[in-house]
Structure formats: C-alpha cells, structure tokens
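Novice: Pasting in a structure now, in structure tokens, and then I'll have a few things to ask.
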Amino acid sequence: MLLVVGEALVDLVIAPDGSVESALGGAPFNAARAAALLGADVEFCGVLSHDRFGTLLADRLEADGVGVSSAPRTEAPTTLAAAELDDTGAAVYRFYVEQTAAPSLASIDTARPPDVLLTGGLALALTPIADTIADGLATVPADTLVMIDVNCRPTVIADRGAYRARLDAMLGRADIVKVSDDDLDYLEPSLPTIAAAQQLLDAGPSAILVTAGSKSTTVLTPDGQLDVTVPPLAAPVIDTIGAGDTFTGALLAWWEQAGFGRAHVDLSSIARAVDAAHAAAAVVVTRRGADPPGRSDLATDWAPRRD
C-alpha cells in the first residue's frame, strides 16, 4: 500500500486574461490520484475540511480509487492556492494557509503499515504538519520505502533554517528524493545544480531525482549518475499544473507494479521508473489542470515486466 501524507487544497487558477477557475489540488493530493488511476493501492493521510471544498476533495480522491479512512476531518476551512498562469502555461503559486485545514495534521495513521510512504510539497513547510511528518518518518517500518518530493515553497517558509534542518533530518530516512533545479537553487544557492543534488544524496537517500521541466530527469545514486531524457510531446502544452505530481505518482505506481521495494533502489531500476513517469506526465500537460492519465491513456507496454 502507498500512503500519501500531505496537503489537499483548492487552486484558484488565474489565466493570463484574468479569468479565474477553481480546481482541486495540492501536490500530495494530485500524486495520490495519479498513482491510484494507474492501478496502485493508495491511501491519503491529510486533513480535509467539512466545508464544501473539503467534501469535493474527499469525493474526488474516492472516485479515483484513493482511500480516505486515514484523512481526519476538521471544521477549519480548506486551504487555498492561487495559481497564476503565464502565456506558456507555467504556473506561479501563492498560498493562503493561516487557520486552514491542511497544516493541522497532528498524527499519521499507520495502523495498516505502508509498503511505500510519499510526502512533500507545502506540507514540509507548514507546522504542525511538517513536524508530524518528521516524527512519522522516524517510526515507519524498516522495510517501508520513503519518497520525498521536496517541491520547495519559499513564499510560505517562515524560517529557512528550521525548514532546512527538518528536511535534513527527513533525508536520513528517505530512499528516493525528487527535487527540481529551482528547489536546489533555494536549498543550496551557492552550488551548481548537480553538486547541490550530491549534497542531498550524501545525507542518506539511495537516489536523488533532479527534474528539469520538459528536458530531462537526472538520476543520482551512490553507483553513478544518469540523464533520462523526456521524449517529445505528442500534443501542445496546455498548462503544467500537476505535471510534477503526476510524475511522482506514476513513478510509484510503476514501482509497485514491478514488485519493487527498498532493496531495489538502484540506478537501473530508478531510470526505468523515471521513463514511465515521463510518459504519464507527458499526458497531463496536454490537458487543462491536474488531470492525471489512467492506464488506458498510456502505451500498452507501460506496465513493468517483473524480472
């Protein structure tokens, strides 16, 4: 089972012409949906409001095959994000988090021990949820694979030093860590991208994935480094909302279907998983908003063969 811990929120998507549409989102929420739509057994652990938005978030998770029995409910309102699109479809985010649902997670339900735990995004920057995640990672079973999608949100990081110290502690239990070149610019501003990624690898993970938008993903492990190229898109980009989250969810869905666990995290296996994740992300950028593909939207040989 894949346990996804983090935020579910509502995006207010602001187009270049000023029009506004609401969309359900949050990086962990999107990743959970993406993994479930590709056949993974997924449970979501994040606080959901009893308001209308919270009900819509819960309903969407369940409709896409994600369990919500580990998601506490609250009377606090749903967390909001404003996603401002430029003319290329790229999004810049602003978050409205004070006294809202997402930051308030106080415990992680591991009554059913997960095979994989995924966390990251806004949840790593807000308290008490960030402290809850840090404490939870220290107690997950030894055979649970842990993936962190760092996805830095500098605009909501009140104390950079505390954020970095907490993240460094989490890296000691992480197996796979996904970062963008922008994340690394924030975390290690004085270092080139790959040198910064190597610093994270030295902190304990088995693999670092450095994403560079539509170009490539660089995989770093103790055994070496490999650039996995993103194939050309079959259709024009509509927007990039949810692309990175779909990548993450698809990678873990592929990993589960391959029958892989912590012991299988090596350069070759991760590169295969990244290829599969690229294929899923290539679909979502041709759609409006975070609309992850199902299995039927991908090539018939997308699912891994168990070696």
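Identifiers for the structure tokens are assigned positionally: chains receive A, B, ... in sequence, residues are indexed from 1 per chain, and ligands are indexed from 1 in the order shown.
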Let's see if you can do this: from backbone DSSP, list all strand (DSSP E) residues in range 63-206 of chain A, as an MDAnalysis selection string.
Specialist: chainID A and resid 66:67 73:74 80:85 91:96 116:120 145:149 176:180
Novice: Would you save the residues of that selection, restricted to N, CA and C atoms, as an mmCIF file, in the first residue's frame?
Specialist:
```
data_model
loop_
_atom_site.group_PDB
_atom_site.id
_atom_site.type_symbol
_atom_site.label_atom_id
_atom_site.label_comp_id
_atom_site.auth_asym_id
_atom_site.auth_seq_id
_atom_site.Cartn_x
_atom_site.Cartn_y
_atom_site.Cartn_z
ATOM 1 N N VAL A 66 -8.676 6.331 -4.352
ATOM 2 C CA VAL A 66 -7.815 6.595 -3.203
ATOM 3 C C VAL A 66 -8.623 6.454 -1.918
ATOM 4 N N GLY A 67 -8.110 5.700 -0.956
ATOM 5 C CA GLY A 67 -8.771 5.577 0.335
ATOM 6 C C GLY A 67 -8.599 6.826 1.171
ATOM 7 N N ARG A 73 -10.996 14.816 9.488
ATOM 8 C CA ARG A 73 -11.833 15.940 9.042
ATOM 9 C C ARG A 73 -11.802 17.037 10.098
ATOM 10 N N THR A 74 -12.037 18.277 9.667
ATOM 11 C CA THR A 74 -11.978 19.430 10.553
ATOM 12 C C THR A 74 -13.014 20.460 10.141
ATOM 13 N N LEU A 80 -6.258 27.298 0.457
ATOM 14 C CA LEU A 80 -6.376 27.792 -0.919
ATOM 15 C C LEU A 80 -5.002 28.141 -1.499
ATOM 16 N N ALA A 81 -4.879 27.979 -2.814
ATOM 17 C CA ALA A 81 -3.688 28.409 -3.544
ATOM 18 C C ALA A 81 -4.129 29.154 -4.789
ATOM 19 N N ALA A 82 -3.466 30.262 -5.073
ATOM 20 C CA ALA A 82 -3.700 30.972 -6.331
ATOM 21 C C ALA A 82 -2.598 30.578 -7.300
ATOM 22 N N ALA A 83 -2.996 29.976 -8.415
ATOM 23 C CA ALA A 83 -2.042 29.549 -9.444
ATOM 24 C C ALA A 83 -2.152 30.504 -10.623
ATOM 25 N N GLU A 84 -1.155 31.360 -10.785
ATOM 26 C CA GLU A 84 -1.173 32.368 -11.841
ATOM 27 C C GLU A 84 -0.425 31.827 -13.061
ATOM 28 N N LEU A 85 -1.139 31.653 -14.174
ATOM 29 C CA LEU A 85 -0.553 31.099 -15.391
ATOM 30 C C LEU A 85 0.036 32.197 -16.267
ATOM 31 N N ALA A 91 2.893 27.859 -14.136
ATOM 32 C CA ALA A 91 2.145 28.423 -13.013
ATOM 33 C C ALA A 91 3.080 28.930 -11.917
ATOM 34 N N VAL A 92 2.721 30.072 -11.336
ATOM 35 C CA VAL A 92 3.362 30.594 -10.136
ATOM 36 C C VAL A 92 2.307 30.595 -9.036
ATOM 37 N N TYR A 93 2.679 30.095 -7.844
ATOM 38 C CA TYR A 93 1.689 29.869 -6.794
ATOM 39 C C TYR A 93 1.829 30.855 -5.637
ATOM 40 N N ARG A 94 0.678 31.228 -5.067
ATOM 41 C CA ARG A 94 0.593 31.948 -3.800
ATOM 42 C C ARG A 94 -0.393 31.179 -2.925
ATOM 43 N N PHE A 95 -0.063 31.036 -1.633
ATOM 44 C CA PHE A 95 -0.851 30.165 -0.768
ATOM 45 C C PHE A 95 -1.516 30.949 0.360
ATOM 46 N N TYR A 96 -2.707 30.498 0.729
ATOM 47 C CA TYR A 96 -3.500 31.092 1.808
ATOM 48 C C TYR A 96 -3.753 29.985 2.824
ATOM 49 N N VAL A 116 5.004 1.766 0.934
ATOM 50 C CA VAL A 116 5.642 2.993 0.450
ATOM 51 C C VAL A 116 4.974 4.176 1.128
ATOM 52 N N LEU A 117 5.759 5.154 1.549
ATOM 53 C CA LEU A 117 5.223 6.402 2.091
ATOM 54 C C LEU A 117 5.759 7.547 1.245
ATOM 55 N N LEU A 118 4.850 8.362 0.744
ATOM 56 C CA LEU A 118 5.199 9.545 -0.046
ATOM 57 C C LEU A 118 4.769 10.792 0.696
ATOM 58 N N THR A 119 5.651 11.775 0.741
ATOM 59 C CA THR A 119 5.291 13.068 1.301
ATOM 60 C C THR A 119 6.065 14.156 0.571
ATOM 61 N N GLY A 120 5.711 15.406 0.865
ATOM 62 C CA GLY A 120 6.422 16.514 0.247
ATOM 63 C C GLY A 120 5.532 17.720 0.036
ATOM 64 N N LEU A 145 9.487 1.836 1.952
ATOM 65 C CA LEU A 145 10.211 2.752 1.080
ATOM 66 C C LEU A 145 9.641 4.155 1.265
ATOM 67 N N VAL A 146 10.499 5.131 1.462
ATOM 68 C CA VAL A 146 10.071 6.517 1.676
ATOM 69 C C VAL A 146 10.532 7.377 0.507
ATOM 70 N N MET A 147 9.577 8.085 -0.096
ATOM 71 C CA MET A 147 9.901 9.052 -1.145
ATOM 72 C C MET A 147 9.473 10.441 -0.699
ATOM 73 N N ILE A 148 10.351 11.406 -0.894
ATOM 74 C CA ILE A 148 10.060 12.810 -0.592
ATOM 75 C C ILE A 148 10.141 13.615 -1.884
ATOM 76 N N ASP A 149 9.051 14.293 -2.210
ATOM 77 C CA ASP A 149 9.035 15.237 -3.332
ATOM 78 C C ASP A 149 9.172 16.621 -2.721
ATOM 79 N N ILE A 176 14.103 7.729 -1.866
ATOM 80 C CA ILE A 176 14.073 8.442 -3.141
ATOM 81 C C ILE A 176 13.663 9.883 -2.857
ATOM 82 N N VAL A 177 14.415 10.825 -3.364
ATOM 83 C CA VAL A 177 14.106 12.246 -3.179
ATOM 84 C C VAL A 177 14.033 12.901 -4.549
ATOM 85 N N LYS A 178 12.926 13.579 -4.799
ATOM 86 C CA LYS A 178 12.736 14.297 -6.060
ATOM 87 C C LYS A 178 12.850 15.792 -5.798
ATOM 88 N N VAL A 179 13.684 16.453 -6.590
ATOM 89 C CA VAL A 179 13.859 17.900 -6.497
ATOM 90 C C VAL A 179 13.918 18.471 -7.907
ATOM 91 N N SER A 180 13.536 19.722 -8.037
ATOM 92 C CA SER A 180 13.709 20.429 -9.307
ATOM 93 C C SER A 180 14.978 21.265 -9.230
#
```
Novice: Please provide the set of residues having any atom within 8 Å of Ala27 in chain A, restricted to only C-alpha atoms, with same-chain residues fewer than 5 positions apart removed, written as a ChimeraX atom specification.
Specialist: /A:6-8,120-122,242,245
Novice: CA of Ser214 in chain A to CA of Asp175 in chain A: how many Å, to one decimal?
Specialist: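 Calculated distance between CA of Ser214 in chain A and CA of Asp175 in chain A is 24.4 Å.
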Novice: Counting only C-alpha atoms, figure out which residue out of A:Ser268, A:Leu187, A:Asp275, A:Pro28 gets nearest to Val230 in chain A.
Specialist: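 The answer is A:Asp275, which sits nearest to Val230 in chain A.
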Novice: Closest to Gly161 in chain A among A:Ala235, A:Ala35, A:Leu48, A:Ala125, using only C-alpha atoms?
Specialist: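 Residue with the minimum atom-to-atom distance to Gly161 in chain A: A:Ala125.
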Novice: Would you please work out which residue, of A:Val68, A:Ile208, A:Ala58, A:Ala290, is nearest to Gly26 in chain A when using only C-alpha atoms?
Specialist: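 Nearest to Gly26 in chain A: A:Ala290.
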Novice: Please identify which residues in range 31-142 of chain A DSSP calls alpha helix (DSSP H) from the backbone, and express them as number ranges by chain.
Specialist: A: 31-37, 52-63, 129-137
Novice: Based on the selection just made, write C-alpha atoms of those residues as a tab-separated table (two decimals), in the first residue's frame.
Specialist:
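Final output, selection11.tsv:
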```tsv
chain	number	residue	atom	x	y	z
A	31	ALA	CA	0.18	12.40	-6.71
A	32	ALA	CA	-2.20	10.12	-4.80
A	33	ARG	CA	-4.77	10.38	-7.58
A	34	ALA	CA	-2.16	9.80	-10.28
A	35	ALA	CA	-0.89	6.64	-8.60
A	36	ALA	CA	-4.38	5.25	-7.98
A	37	LEU	CA	-5.53	5.95	-11.55
A	52	ARG	CA	-17.91	22.16	0.51
A	53	PHE	CA	-14.38	22.22	-0.89
A	54	GLY	CA	-13.27	19.57	1.59
A	55	THR	CA	-16.16	17.34	0.60
A	56	LEU	CA	-15.25	17.76	-3.07
A	57	LEU	CA	-11.63	16.84	-2.30
A	58	ALA	CA	-12.68	13.69	-0.43
A	59	ASP	CA	-15.14	12.72	-3.15
A	60	ARG	CA	-12.52	13.15	-5.89
A	61	LEU	CA	-10.00	11.00	-4.04
A	62	GLU	CA	-12.52	8.22	-3.56
A	63	ALA	CA	-13.77	8.47	-7.15
A	129	ILE	CA	2.06	19.04	9.72
A	130	ALA	CA	5.78	19.27	8.92
A	131	ASP	CA	6.73	18.21	12.45
A	132	THR	CA	4.14	15.43	12.31
A	133	ILE	CA	5.73	14.12	9.11
A	134	ALA	CA	9.25	14.32	10.54
A	135	ASP	CA	8.17	12.38	13.63
A	136	GLY	CA	6.29	9.85	11.49
A	137	LEU	CA	9.26	9.14	9.26
```
Novice: Can you pull out the residues contacting Ala273 in chain A? Cut-off 9 Å, using only C-alpha atoms, and skip same-chain residues under 5 positions away; I want them as a short mmCIF file (atom, residue, chain, number, x, y, z; two decimals) with C-alpha atoms, in the first residue's frame.
Specialist:
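Output below, filename selection_28.cif:
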```
data_model
loop_
_atom_site.label_atom_id
_atom_site.label_comp_id
_atom_site.auth_asym_id
_atom_site.auth_seq_id
_atom_site.Cartn_x
_atom_site.Cartn_y
_atom_site.Cartn_z
CA ALA A 250 3.22 7.41 -11.80
CA LEU A 251 6.74 6.53 -10.72
CA LEU A 252 5.44 4.92 -7.53
CA TRP A 254 5.11 1.67 -11.74
CA TRP A 255 7.38 0.74 -8.83
CA SER A 268 18.92 0.97 -13.49
CA HIS A 278 7.81 10.87 -18.03
CA PRO A 304 6.56 -3.09 -15.98
#
```
Novice: Tell me, as a PyMOL selection string, which residues lie within 12 Å of Ala195 in chain A, counting only C-alpha atoms; anything in the same chain fewer than 2 positions away does not count.
Specialist: chain A and resi 181+184-185+187-193+197-202+208+210+220+225
Novice: Selected residues, N, CA and C atoms, written as a PDB file, in the first residue's frame, please.
Specialist:
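That gives us again24.pdb:
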```pdb
ATOM      1  N   ASP A 181      15.406  21.774 -10.371  1.00  0.00           N
ATOM      2  CA  ASP A 181      16.552  22.676 -10.340  1.00  0.00           C
ATOM      3  C   ASP A 181      16.232  23.932  -9.534  1.00  0.00           C
ATOM      4  N   LEU A 184      16.750  23.151  -5.838  1.00  0.00           N
ATOM      5  CA  LEU A 184      18.167  23.130  -5.477  1.00  0.00           C
ATOM      6  C   LEU A 184      18.746  24.535  -5.417  1.00  0.00           C
ATOM      7  N   ASP A 185      18.270  25.442  -6.256  1.00  0.00           N
ATOM      8  CA  ASP A 185      18.702  26.839  -6.178  1.00  0.00           C
ATOM      9  C   ASP A 185      18.342  27.440  -4.825  1.00  0.00           C
ATOM     10  N   LEU A 187      17.716  25.546  -1.942  1.00  0.00           N
ATOM     11  CA  LEU A 187      18.350  24.794  -0.861  1.00  0.00           C
ATOM     12  C   LEU A 187      19.854  25.036  -0.789  1.00  0.00           C
ATOM     13  N   GLU A 188      20.509  25.114  -1.939  1.00  0.00           N
ATOM     14  CA  GLU A 188      21.969  25.277  -1.994  1.00  0.00           C
ATOM     15  C   GLU A 188      22.320  26.354  -3.021  1.00  0.00           C
ATOM     16  N   PRO A 189      22.021  27.620  -2.727  1.00  0.00           N
ATOM     17  CA  PRO A 189      22.179  28.679  -3.735  1.00  0.00           C
ATOM     18  C   PRO A 189      23.609  28.892  -4.208  1.00  0.00           C
ATOM     19  N   SER A 190      24.584  28.456  -3.437  1.00  0.00           N
ATOM     20  CA  SER A 190      25.983  28.690  -3.816  1.00  0.00           C
ATOM     21  C   SER A 190      26.574  27.563  -4.655  1.00  0.00           C
ATOM     22  N   LEU A 191      25.799  26.493  -4.893  1.00  0.00           N
ATOM     23  CA  LEU A 191      26.327  25.326  -5.595  1.00  0.00           C
ATOM     24  C   LEU A 191      25.671  25.138  -6.955  1.00  0.00           C
ATOM     25  N   PRO A 192      26.409  24.612  -7.932  1.00  0.00           N
ATOM     26  CA  PRO A 192      25.779  24.195  -9.189  1.00  0.00           C
ATOM     27  C   PRO A 192      24.758  23.096  -8.918  1.00  0.00           C
ATOM     28  N   THR A 193      23.849  22.906  -9.857  1.00  0.00           N
ATOM     29  CA  THR A 193      22.711  22.006  -9.641  1.00  0.00           C
ATOM     30  C   THR A 193      23.131  20.605  -9.224  1.00  0.00           C
ATOM     31  N   ALA A 197      22.654  18.561  -5.675  1.00  0.00           N
ATOM     32  CA  ALA A 197      21.977  17.266  -5.578  1.00  0.00           C
ATOM     33  C   ALA A 197      22.859  16.238  -4.886  1.00  0.00           C
ATOM     34  N   GLN A 198      24.152  16.285  -5.152  1.00  0.00           N
ATOM     35  CA  GLN A 198      25.077  15.356  -4.497  1.00  0.00           C
ATOM     36  C   GLN A 198      25.103  15.584  -2.989  1.00  0.00           C
ATOM     37  N   GLN A 199      24.975  16.841  -2.567  1.00  0.00           N
ATOM     38  CA  GLN A 199      24.902  17.138  -1.134  1.00  0.00           C
ATOM     39  C   GLN A 199      23.708  16.440  -0.504  1.00  0.00           C
ATOM     40  N   LEU A 200      22.568  16.460  -1.194  1.00  0.00           N
ATOM     41  CA  LEU A 200      21.385  15.779  -0.667  1.00  0.00           C
ATOM     42  C   LEU A 200      21.607  14.275  -0.629  1.00  0.00           C
ATOM     43  N   LEU A 201      22.217  13.725  -1.667  1.00  0.00           N
ATOM     44  CA  LEU A 201      22.489  12.289  -1.699  1.00  0.00           C
ATOM     45  C   LEU A 201      23.397  11.884  -0.545  1.00  0.00           C
ATOM     46  N   ASP A 202      24.365  12.707  -0.234  1.00  0.00           N
ATOM     47  CA  ASP A 202      25.298  12.404   0.849  1.00  0.00           C
ATOM     48  C   ASP A 202      24.618  12.380   2.215  1.00  0.00           C
ATOM     49  N   ILE A 208      18.553  10.421  -5.814  1.00  0.00           N
ATOM     50  CA  ILE A 208      18.049  11.784  -5.983  1.00  0.00           C
ATOM     51  C   ILE A 208      17.617  11.934  -7.436  1.00  0.00           C
ATOM     52  N   VAL A 210      16.576  14.730 -10.126  1.00  0.00           N
ATOM     53  CA  VAL A 210      16.588  16.166 -10.403  1.00  0.00           C
ATOM     54  C   VAL A 210      15.819  16.404 -11.693  1.00  0.00           C
ATOM     55  N   LEU A 220      20.691  10.456  -9.608  1.00  0.00           N
ATOM     56  CA  LEU A 220      21.951  10.279  -8.897  1.00  0.00           C
ATOM     57  C   LEU A 220      21.780   9.191  -7.847  1.00  0.00           C
ATOM     58  N   GLN A 225      25.483   8.299 -12.024  1.00  0.00           N
ATOM     59  CA  GLN A 225      24.548   9.337 -12.460  1.00  0.00           C
ATOM     60  C   GLN A 225      24.094   9.046 -13.880  1.00  0.00           C
TER      61      GLN A 225
END
```
Novice: Would you compute the distance between CA of Val97 in chain A and CA of Pro16 in chain A? Give it in Å to one decimal.
Specialist: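 One can read the CA of Val97 in chain A to CA of Pro16 in chain A distance as 24.1 Å.
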Novice: Using only C-alpha atoms, which residue out of A:Val274, A:Ile14, A:Ala280, A:Ala169 lies closest to Ser216 in chain A?
Specialist: A:Val274
Novice: Please identify all polymer residues within 12 Å of Gly213 in chain A, counting only C-alpha atoms, omitting same-chain residues fewer than 5 positions from it, and present them as a PyMOL selection string.
Specialist: chain A and resi 90+179-182+218+229-231+240-241+243-244+247+278+281-282+285
Novice: Between CA of Ile238 in chain A and CA of Asp291 in chain A, what is the spacing in Å?
Specialist: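 Result for CA of Asp291 in chain A versus CA of Ile238 in chain A: 11.5 Å, one decimal.
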